[in-house]
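In what follows, a structure is listed as structure tokens, so that the remarks can point back to it.
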Amino acid sequence: MKDSKKSGKAAGFFKWIGRDIADIGVTFKEGDWKTRISYLIMGFGPLMRKMYARGIAFLALEAAFIWYMVAFGWDYLAKFTTLGTVETGIDMKTGLRVYGDNSFMILLYGLLTIVLLLLFIFVWRMNIRENRNEEQKLKEGHPLPTLRQDLHSLLDSNFDKTLLALPVAGIFLFTVLPILFMVCVAFTNYDYNHQAPSKLFTWVGLENFKNLFSFGSAGFGSTFFRVLGWTLIWAFFATFLNYFVGMAVAILINKKGVKFKKLWRTILVMTIAVPQFVSLLYVSKMFDKDGLINVYLMKWGWIDSAIPFWQNPMLARIAIIIINLWVGIPYIMLITTGILMNIPEDLYESARIDGANAWQMFRKITLPYMLFVTGPFLLTQYTGNLNNFNIIYLLSGGGPKNLKLTGGAGGTDLLVTWLYKMTINDTNYSMAAVIGIMVFVATAVISLVVYGILPSVKDEEGFQ
């Protein structure tokens, strides 16, 4: 059933493309000479019909695109398939340094050129549609909007487009383009031995992905799945352990008869007030072999030798999960406190009358209500913990080192910290990009699957 829906959507997309191409042909055939010239000179039709603002806008965009392509866009696009062929080096005859191709710049600006080309095609299609609409209005005897009306629409009916234009451009330049660049890097051999601009790198297809899933001596498969397994385990405990312990703390503080409630909340919130960069580094030093924890345990005679918290992978993982409780409980406590105060007291009164005990009321009333309200929050917490760089890197640095793991991965590294090490320490940008894609795939799959089964999504009116 799902496959038939997907095939239906794909067929509908291609039908829409076909109809759009046919519409372009019909517009050229039935349009006047102004519209036909607009196929080559964007904005010509609107200018001839005294739609000066729209005409100048289309013409300026075409002129800017042509200038970009002639100035340097075409050169980068022509070299995009090879990412350069001339290396930077010393000319043996003259002894002078000869600057060759820069694979990094070719990839970046070649990708930008492809995206701008697609945007130009989109704007060109808007230009054709604009000419068709203007002709249709004139045939029907309707006047064309004036410049004043166009400007007024930008601040009224089309104000959403005006307001979002700059943010959308910023998202494209600083989010979408870097992501596309990273995806492209995953299909190259951009690493320590192929450093731009002194050395060229080129396309290698799916070789990096094969290497990631290879279990040979030089493959990353064993390390990848071990790090992925720990990443999923860490995210599970960091999310649900914090959630249930934080909820228990909130219930205890809100319980009738408990004194100094504001004091307990203030003490817990203090961990939020102190920057994690400071507190986590301090806690990391406390658990060192010569840190406060080991020093006092040996001083009191509880242990004979220092506990290797950060030298033993299992102990390091347990310590990280426990320390994360100290960091995460206050957030959950504040969130659940507000929700607990909004659960109708009548539900608990009815349950008491029916003879329900405290555990039954928690399981049948409190927990379902909490999970219904905080379901989306739990999902975001889980996906956030999959990429929780601060906790791991500031506490253990991803260590301890393990010679059996490739790519510089340590015993407590998550995929995101392993990616960071591979980028900074090993300068293996291509494999780091592959791991980045895997992080996205894991996060996206988990988010989509869990989001579809959340009670708050399946039954939006369940608690109303």
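Quick note on naming: the chains in the structure tokens go A, B, ... in the order shown, residues restart at 1 in each chain, and ligands are numbered from 1 in order of appearance.
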
Which residues come within 9 Å of segment 133-140 of chain A, counting only C-alpha atoms, excluding same-chain residues fewer than 2 positions away, as an mmCIF file with all heavy atoms, in the first residue's frame?
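The new file around02.cif reads:
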```
data_model
loop_
_atom_site.group_PDB
_atom_site.id
_atom_site.type_symbol
_atom_site.label_atom_id
_atom_site.label_comp_id
_atom_site.auth_asym_id
_atom_site.auth_seq_id
_atom_site.Cartn_x
_atom_site.Cartn_y
_atom_site.Cartn_z
ATOM 1 N N GLY A 31 1.129 33.576 -27.170
ATOM 2 C CA GLY A 31 1.485 34.889 -26.666
ATOM 3 C C GLY A 31 1.814 35.882 -27.763
ATOM 4 O O GLY A 31 2.131 35.501 -28.906
ATOM 5 N N ASP A 32 1.810 37.176 -27.414
ATOM 6 C CA ASP A 32 2.165 38.213 -28.390
ATOM 7 C C ASP A 32 3.686 38.330 -28.481
ATOM 8 O O ASP A 32 4.438 37.628 -27.812
ATOM 9 C CB ASP A 32 1.524 39.550 -27.996
ATOM 10 C CG ASP A 32 1.940 40.016 -26.608
ATOM 11 O OD1 ASP A 32 2.925 39.477 -26.069
ATOM 12 O OD2 ASP A 32 1.271 40.908 -26.056
ATOM 13 N N THR A 35 5.644 38.920 -25.247
ATOM 14 C CA THR A 35 5.839 37.723 -24.418
ATOM 15 C C THR A 35 6.942 36.843 -24.994
ATOM 16 O O THR A 35 7.772 36.297 -24.256
ATOM 17 C CB THR A 35 4.526 36.933 -24.322
ATOM 18 O OG1 THR A 35 3.543 37.740 -23.657
ATOM 19 C CG2 THR A 35 4.708 35.631 -23.559
ATOM 20 N N GLY A 45 8.419 42.007 -21.595
ATOM 21 C CA GLY A 45 6.967 42.163 -21.691
ATOM 22 C C GLY A 45 6.415 43.123 -20.662
ATOM 23 O O GLY A 45 5.693 44.070 -21.004
ATOM 24 N N PRO A 46 6.710 42.933 -19.377
ATOM 25 C CA PRO A 46 6.230 43.882 -18.375
ATOM 26 C C PRO A 46 6.683 45.317 -18.642
ATOM 27 O O PRO A 46 5.923 46.264 -18.409
ATOM 28 C CB PRO A 46 6.829 43.339 -17.070
ATOM 29 C CG PRO A 46 6.975 41.879 -17.307
ATOM 30 C CD PRO A 46 7.333 41.759 -18.748
ATOM 31 N N ARG A 49 4.578 46.830 -21.240
ATOM 32 C CA ARG A 49 3.210 47.052 -20.755
ATOM 33 C C ARG A 49 3.185 48.041 -19.594
ATOM 34 O O ARG A 49 2.207 48.131 -18.870
ATOM 35 C CB ARG A 49 2.593 45.716 -20.324
ATOM 36 C CG ARG A 49 2.533 44.677 -21.457
ATOM 37 C CD ARG A 49 1.823 43.401 -21.003
ATOM 38 N NE ARG A 49 1.937 42.363 -22.010
ATOM 39 C CZ ARG A 49 2.817 41.357 -21.981
ATOM 40 N NH1 ARG A 49 3.646 41.260 -20.952
ATOM 41 N NH2 ARG A 49 2.865 40.476 -22.956
ATOM 42 N N ILE A 128 7.842 33.947 -17.397
ATOM 43 C CA ILE A 128 6.893 33.484 -18.417
ATOM 44 C C ILE A 128 5.469 33.525 -17.875
ATOM 45 O O ILE A 128 4.533 33.973 -18.555
ATOM 46 C CB ILE A 128 7.252 32.056 -18.870
ATOM 47 C CG1 ILE A 128 8.681 32.004 -19.422
ATOM 48 C CG2 ILE A 128 6.250 31.559 -19.905
ATOM 49 C CD1 ILE A 128 8.943 32.957 -20.555
ATOM 50 N N ARG A 129 5.302 33.076 -16.641
ATOM 51 C CA ARG A 129 3.960 33.078 -16.038
ATOM 52 C C ARG A 129 3.445 34.506 -15.853
ATOM 53 O O ARG A 129 2.258 34.772 -16.031
ATOM 54 C CB ARG A 129 4.016 32.340 -14.696
ATOM 55 C CG ARG A 129 2.633 32.060 -14.107
ATOM 56 C CD ARG A 129 2.722 31.277 -12.823
ATOM 57 N NE ARG A 129 3.132 29.907 -13.059
ATOM 58 C CZ ARG A 129 4.301 29.397 -12.692
ATOM 59 N NH1 ARG A 129 5.186 30.166 -12.069
ATOM 60 N NH2 ARG A 129 4.595 28.131 -12.934
ATOM 61 N N GLU A 130 4.322 35.423 -15.517
ATOM 62 C CA GLU A 130 3.936 36.829 -15.353
ATOM 63 C C GLU A 130 3.429 37.401 -16.668
ATOM 64 O O GLU A 130 2.406 38.102 -16.702
ATOM 65 C CB GLU A 130 5.137 37.636 -14.845
ATOM 66 C CG GLU A 130 4.926 39.132 -14.771
ATOM 67 C CD GLU A 130 3.853 39.527 -13.772
ATOM 68 O OE1 GLU A 130 3.599 38.753 -12.825
ATOM 69 O OE2 GLU A 130 3.254 40.604 -13.961
ATOM 70 N N ASN A 131 4.128 37.105 -17.769
ATOM 71 C CA ASN A 131 3.676 37.579 -19.084
ATOM 72 C C ASN A 131 2.310 36.995 -19.438
ATOM 73 O O ASN A 131 1.448 37.709 -19.971
ATOM 74 C CB ASN A 131 4.708 37.196 -20.150
ATOM 75 C CG ASN A 131 5.862 38.164 -20.233
ATOM 76 O OD1 ASN A 131 5.813 39.171 -20.936
ATOM 77 N ND2 ASN A 131 6.916 37.874 -19.489
ATOM 78 N N HIS A 142 -9.238 43.906 -17.805
ATOM 79 C CA HIS A 142 -8.862 44.362 -16.469
ATOM 80 C C HIS A 142 -7.582 45.203 -16.540
ATOM 81 O O HIS A 142 -6.667 44.876 -17.308
ATOM 82 C CB HIS A 142 -8.624 43.172 -15.531
ATOM 83 C CG HIS A 142 -9.831 42.310 -15.352
ATOM 84 N ND1 HIS A 142 -11.028 42.776 -14.847
ATOM 85 C CD2 HIS A 142 -10.040 40.991 -15.628
ATOM 86 C CE1 HIS A 142 -11.909 41.800 -14.789
ATOM 87 N NE2 HIS A 142 -11.335 40.694 -15.267
ATOM 88 N N PRO A 143 -7.499 46.282 -15.781
ATOM 89 C CA PRO A 143 -6.278 47.095 -15.797
ATOM 90 C C PRO A 143 -5.149 46.390 -15.060
ATOM 91 O O PRO A 143 -5.364 45.645 -14.101
ATOM 92 C CB PRO A 143 -6.699 48.374 -15.060
ATOM 93 C CG PRO A 143 -7.803 47.928 -14.147
ATOM 94 C CD PRO A 143 -8.533 46.842 -14.884
ATOM 95 N N LEU A 144 -3.927 46.635 -15.497
ATOM 96 C CA LEU A 144 -2.763 46.072 -14.830
ATOM 97 C C LEU A 144 -2.436 46.897 -13.588
ATOM 98 O O LEU A 144 -2.634 48.106 -13.585
ATOM 99 C CB LEU A 144 -1.557 46.056 -15.780
ATOM 100 C CG LEU A 144 -1.697 45.177 -17.027
ATOM 101 C CD1 LEU A 144 -0.469 45.326 -17.921
ATOM 102 C CD2 LEU A 144 -1.901 43.723 -16.654
#
```

**OP:** Return as a PyMOL selection string the full set of residues in segment 3-105 of chain A whose backbone-based DSSP assignment is helix (DSSP H, G or I).
**Re:** chain A and resi 3-30+33-38+44-48+52-78+103-105

Original post:
Within 8 Å of Ile392 of chain A, counting only C-alpha atoms, which residues qualify if same-chain residues fewer than 3 places away don't, as a list in words?
Top reply: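 So, after excluding close chain neighbours, the residues are Ile320, Asn388, Phe389, Leu395, Ser396, Gly397, Gly398, Thr412, Asp413, Leu414 and Thr417 of chain A.
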
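Taking only segment 78-151 of chain A, the residues that DSSP calls strand (DSSP E) from the backbone come to Gly89, Ile90, Arg97 and Val98 of chain A.
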
Original post:
Smallest atom-to-atom distance to Gly229 of chain A: which of A:Leu415, A:Ala57, A:Leu118, A:Thr423, using only C-alpha atoms?
Top reply: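 The answer is A:Leu415, which sits nearest to Gly229 of chain A.
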
Subject >> Spatial neighbours of Gly55 of chain A, 8 Å, only C-alpha atoms, chain gap at least 4 places, as a VMD selection string >> reply: chain A and resid 42 to 47 51 59

**OP:** Show which residues sit within 12 Å of segment 60-65 of chain A, as a count of residues only. Count only C-alpha atoms, and ignore same-chain residues fewer than 3 positions away.
**Re:** 34

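Across A:Asn402, A:Gln311, A:Thr337, A:Asn189, the tightest approach to Lys261 of chain A is made by A:Thr337 when counting only C-alpha atoms.
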
**OP:** Go through A:Leu108, A:Thr27, A:Trp310, A:Val445 and flag the residue nearest Leu173 of chain A, using only C-alpha atoms for the distances.
**Re:** A:Leu108

Subject >> Spatial neighbours of segment 338-347 of chain A, max dist 12 Å, only C-alpha atoms, sep filter under 5 positions, as a PyMOL selection string >> reply: chain A and resi 247-255+331-333+352-354+356+361-362+364-374+463-464

Writer output for current selection, N, CA and C atoms, as a PDB file, in the first residue's frame:
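Dumped everything to result_14.pdb:
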```pdb
ATOM      1  N   MET A 247      10.980  13.966  36.800  1.00  0.00           N
ATOM      2  CA  MET A 247       9.558  13.946  37.138  1.00  0.00           C
ATOM      3  C   MET A 247       9.355  13.540  38.591  1.00  0.00           C
ATOM      4  N   ALA A 248      10.129  12.540  39.056  1.00  0.00           N
ATOM      5  CA  ALA A 248      10.012  12.095  40.458  1.00  0.00           C
ATOM      6  C   ALA A 248      10.393  13.221  41.416  1.00  0.00           C
ATOM      7  N   VAL A 249      11.451  13.960  41.074  1.00  0.00           N
ATOM      8  CA  VAL A 249      11.861  15.088  41.918  1.00  0.00           C
ATOM      9  C   VAL A 249      10.763  16.145  41.962  1.00  0.00           C
ATOM     10  N   ALA A 250      10.159  16.431  40.804  1.00  0.00           N
ATOM     11  CA  ALA A 250       9.084  17.426  40.751  1.00  0.00           C
ATOM     12  C   ALA A 250       7.886  16.990  41.586  1.00  0.00           C
ATOM     13  N   ILE A 251       7.546  15.702  41.508  1.00  0.00           N
ATOM     14  CA  ILE A 251       6.415  15.193  42.294  1.00  0.00           C
ATOM     15  C   ILE A 251       6.711  15.287  43.788  1.00  0.00           C
ATOM     16  N   LEU A 252       7.932  14.962  44.183  1.00  0.00           N
ATOM     17  CA  LEU A 252       8.307  15.025  45.593  1.00  0.00           C
ATOM     18  C   LEU A 252       8.250  16.459  46.112  1.00  0.00           C
ATOM     19  N   ILE A 253       8.761  17.401  45.325  1.00  0.00           N
ATOM     20  CA  ILE A 253       8.768  18.799  45.763  1.00  0.00           C
ATOM     21  C   ILE A 253       7.355  19.353  45.831  1.00  0.00           C
ATOM     22  N   ASN A 254       6.501  18.949  44.898  1.00  0.00           N
ATOM     23  CA  ASN A 254       5.130  19.460  44.860  1.00  0.00           C
ATOM     24  C   ASN A 254       4.199  18.759  45.840  1.00  0.00           C
ATOM     25  N   LYS A 255       4.680  17.711  46.472  1.00  0.00           N
ATOM     26  CA  LYS A 255       3.833  16.957  47.390  1.00  0.00           C
ATOM     27  C   LYS A 255       3.429  17.819  48.580  1.00  0.00           C
ATOM     28  N   TYR A 331      16.084  20.892  34.336  1.00  0.00           N
ATOM     29  CA  TYR A 331      15.235  21.260  33.209  1.00  0.00           C
ATOM     30  C   TYR A 331      13.918  20.478  33.263  1.00  0.00           C
ATOM     31  N   ILE A 332      14.042  19.162  33.435  1.00  0.00           N
ATOM     32  CA  ILE A 332      12.839  18.322  33.474  1.00  0.00           C
ATOM     33  C   ILE A 332      11.973  18.686  34.667  1.00  0.00           C
ATOM     34  N   MET A 333      12.602  18.973  35.802  1.00  0.00           N
ATOM     35  CA  MET A 333      11.850  19.333  36.999  1.00  0.00           C
ATOM     36  C   MET A 333      11.011  20.588  36.765  1.00  0.00           C
ATOM     37  N   ARG A 352      -9.079   8.291  44.320  1.00  0.00           N
ATOM     38  CA  ARG A 352      -9.009   7.962  45.753  1.00  0.00           C
ATOM     39  C   ARG A 352     -10.324   7.348  46.230  1.00  0.00           C
ATOM     40  N   ILE A 353     -11.422   7.898  45.754  1.00  0.00           N
ATOM     41  CA  ILE A 353     -12.737   7.363  46.130  1.00  0.00           C
ATOM     42  C   ILE A 353     -12.884   5.918  45.659  1.00  0.00           C
ATOM     43  N   ASP A 354     -12.316   5.624  44.494  1.00  0.00           N
ATOM     44  CA  ASP A 354     -12.385   4.263  43.946  1.00  0.00           C
ATOM     45  C   ASP A 354     -11.377   3.325  44.591  1.00  0.00           C
ATOM     46  N   ALA A 356      -7.909   3.718  44.678  1.00  0.00           N
ATOM     47  CA  ALA A 356      -6.605   3.623  44.021  1.00  0.00           C
ATOM     48  C   ALA A 356      -5.505   4.105  44.958  1.00  0.00           C
ATOM     49  N   MET A 361      -2.453   5.704  40.829  1.00  0.00           N
ATOM     50  CA  MET A 361      -2.788   7.039  40.334  1.00  0.00           C
ATOM     51  C   MET A 361      -1.676   7.601  39.446  1.00  0.00           C
ATOM     52  N   PHE A 362      -0.415   7.303  39.806  1.00  0.00           N
ATOM     53  CA  PHE A 362       0.692   7.758  38.972  1.00  0.00           C
ATOM     54  C   PHE A 362       0.662   7.066  37.610  1.00  0.00           C
ATOM     55  N   LYS A 364      -1.895   5.531  36.066  1.00  0.00           N
ATOM     56  CA  LYS A 364      -3.106   5.702  35.263  1.00  0.00           C
ATOM     57  C   LYS A 364      -3.456   7.168  34.969  1.00  0.00           C
ATOM     58  N   ILE A 365      -2.953   8.082  35.771  1.00  0.00           N
ATOM     59  CA  ILE A 365      -3.328   9.492  35.595  1.00  0.00           C
ATOM     60  C   ILE A 365      -2.116  10.355  35.259  1.00  0.00           C
ATOM     61  N   THR A 366      -1.155  10.375  36.185  1.00  0.00           N
ATOM     62  CA  THR A 366      -0.029  11.299  36.034  1.00  0.00           C
ATOM     63  C   THR A 366       0.829  10.969  34.813  1.00  0.00           C
ATOM     64  N   LEU A 367       1.277   9.715  34.716  1.00  0.00           N
ATOM     65  CA  LEU A 367       2.194   9.340  33.633  1.00  0.00           C
ATOM     66  C   LEU A 367       1.552   9.488  32.248  1.00  0.00           C
ATOM     67  N   PRO A 368       0.324   8.982  32.004  1.00  0.00           N
ATOM     68  CA  PRO A 368      -0.266   9.189  30.668  1.00  0.00           C
ATOM     69  C   PRO A 368      -0.417  10.670  30.312  1.00  0.00           C
ATOM     70  N   TYR A 369      -0.820  11.467  31.304  1.00  0.00           N
ATOM     71  CA  TYR A 369      -0.979  12.902  31.043  1.00  0.00           C
ATOM     72  C   TYR A 369       0.368  13.527  30.695  1.00  0.00           C
ATOM     73  N   MET A 370       1.404  13.180  31.455  1.00  0.00           N
ATOM     74  CA  MET A 370       2.732  13.731  31.213  1.00  0.00           C
ATOM     75  C   MET A 370       3.270  13.316  29.853  1.00  0.00           C
ATOM     76  N   LEU A 371       3.122  12.035  29.525  1.00  0.00           N
ATOM     77  CA  LEU A 371       3.633  11.554  28.242  1.00  0.00           C
ATOM     78  C   LEU A 371       2.881  12.176  27.076  1.00  0.00           C
ATOM     79  N   PHE A 372       1.594  12.419  27.254  1.00  0.00           N
ATOM     80  CA  PHE A 372       0.807  13.028  26.187  1.00  0.00           C
ATOM     81  C   PHE A 372       1.281  14.448  25.912  1.00  0.00           C
ATOM     82  N   VAL A 373       1.510  15.199  26.982  1.00  0.00           N
ATOM     83  CA  VAL A 373       1.894  16.608  26.829  1.00  0.00           C
ATOM     84  C   VAL A 373       3.351  16.749  26.410  1.00  0.00           C
ATOM     85  N   THR A 374       4.233  15.925  26.977  1.00  0.00           N
ATOM     86  CA  THR A 374       5.667  16.091  26.753  1.00  0.00           C
ATOM     87  C   THR A 374       6.227  15.146  25.697  1.00  0.00           C
ATOM     88  N   PHE A 463      -6.884  14.412  25.391  1.00  0.00           N
ATOM     89  CA  PHE A 463      -6.912  14.949  26.736  1.00  0.00           C
ATOM     90  C   PHE A 463      -7.625  16.287  26.807  1.00  0.00           C
ATOM     91  N   GLN A 464      -8.441  16.562  25.820  1.00  0.00           N
ATOM     92  CA  GLN A 464      -9.177  17.840  25.815  1.00  0.00           C
ATOM     93  C   GLN A 464     -10.586  17.636  26.369  1.00  0.00           C
TER      94      GLN A 464
END
```

**OP:** List the neighbours of Phe215 of chain A out to 12 Å using only C-alpha atoms; skip same-chain residues closer than 6 positions along the sequence, and give me the result as a PyMOL selection string.
**Re:** chain A and resi 221-226+405-406

Original post:
What separation in Å, quoted to one decimal, exists between atom CA of Thr146 of chain A and atom CA of Lys50 of chain A?
Top reply: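 Rounded to one decimal, the two atoms are 8.4 Å apart.
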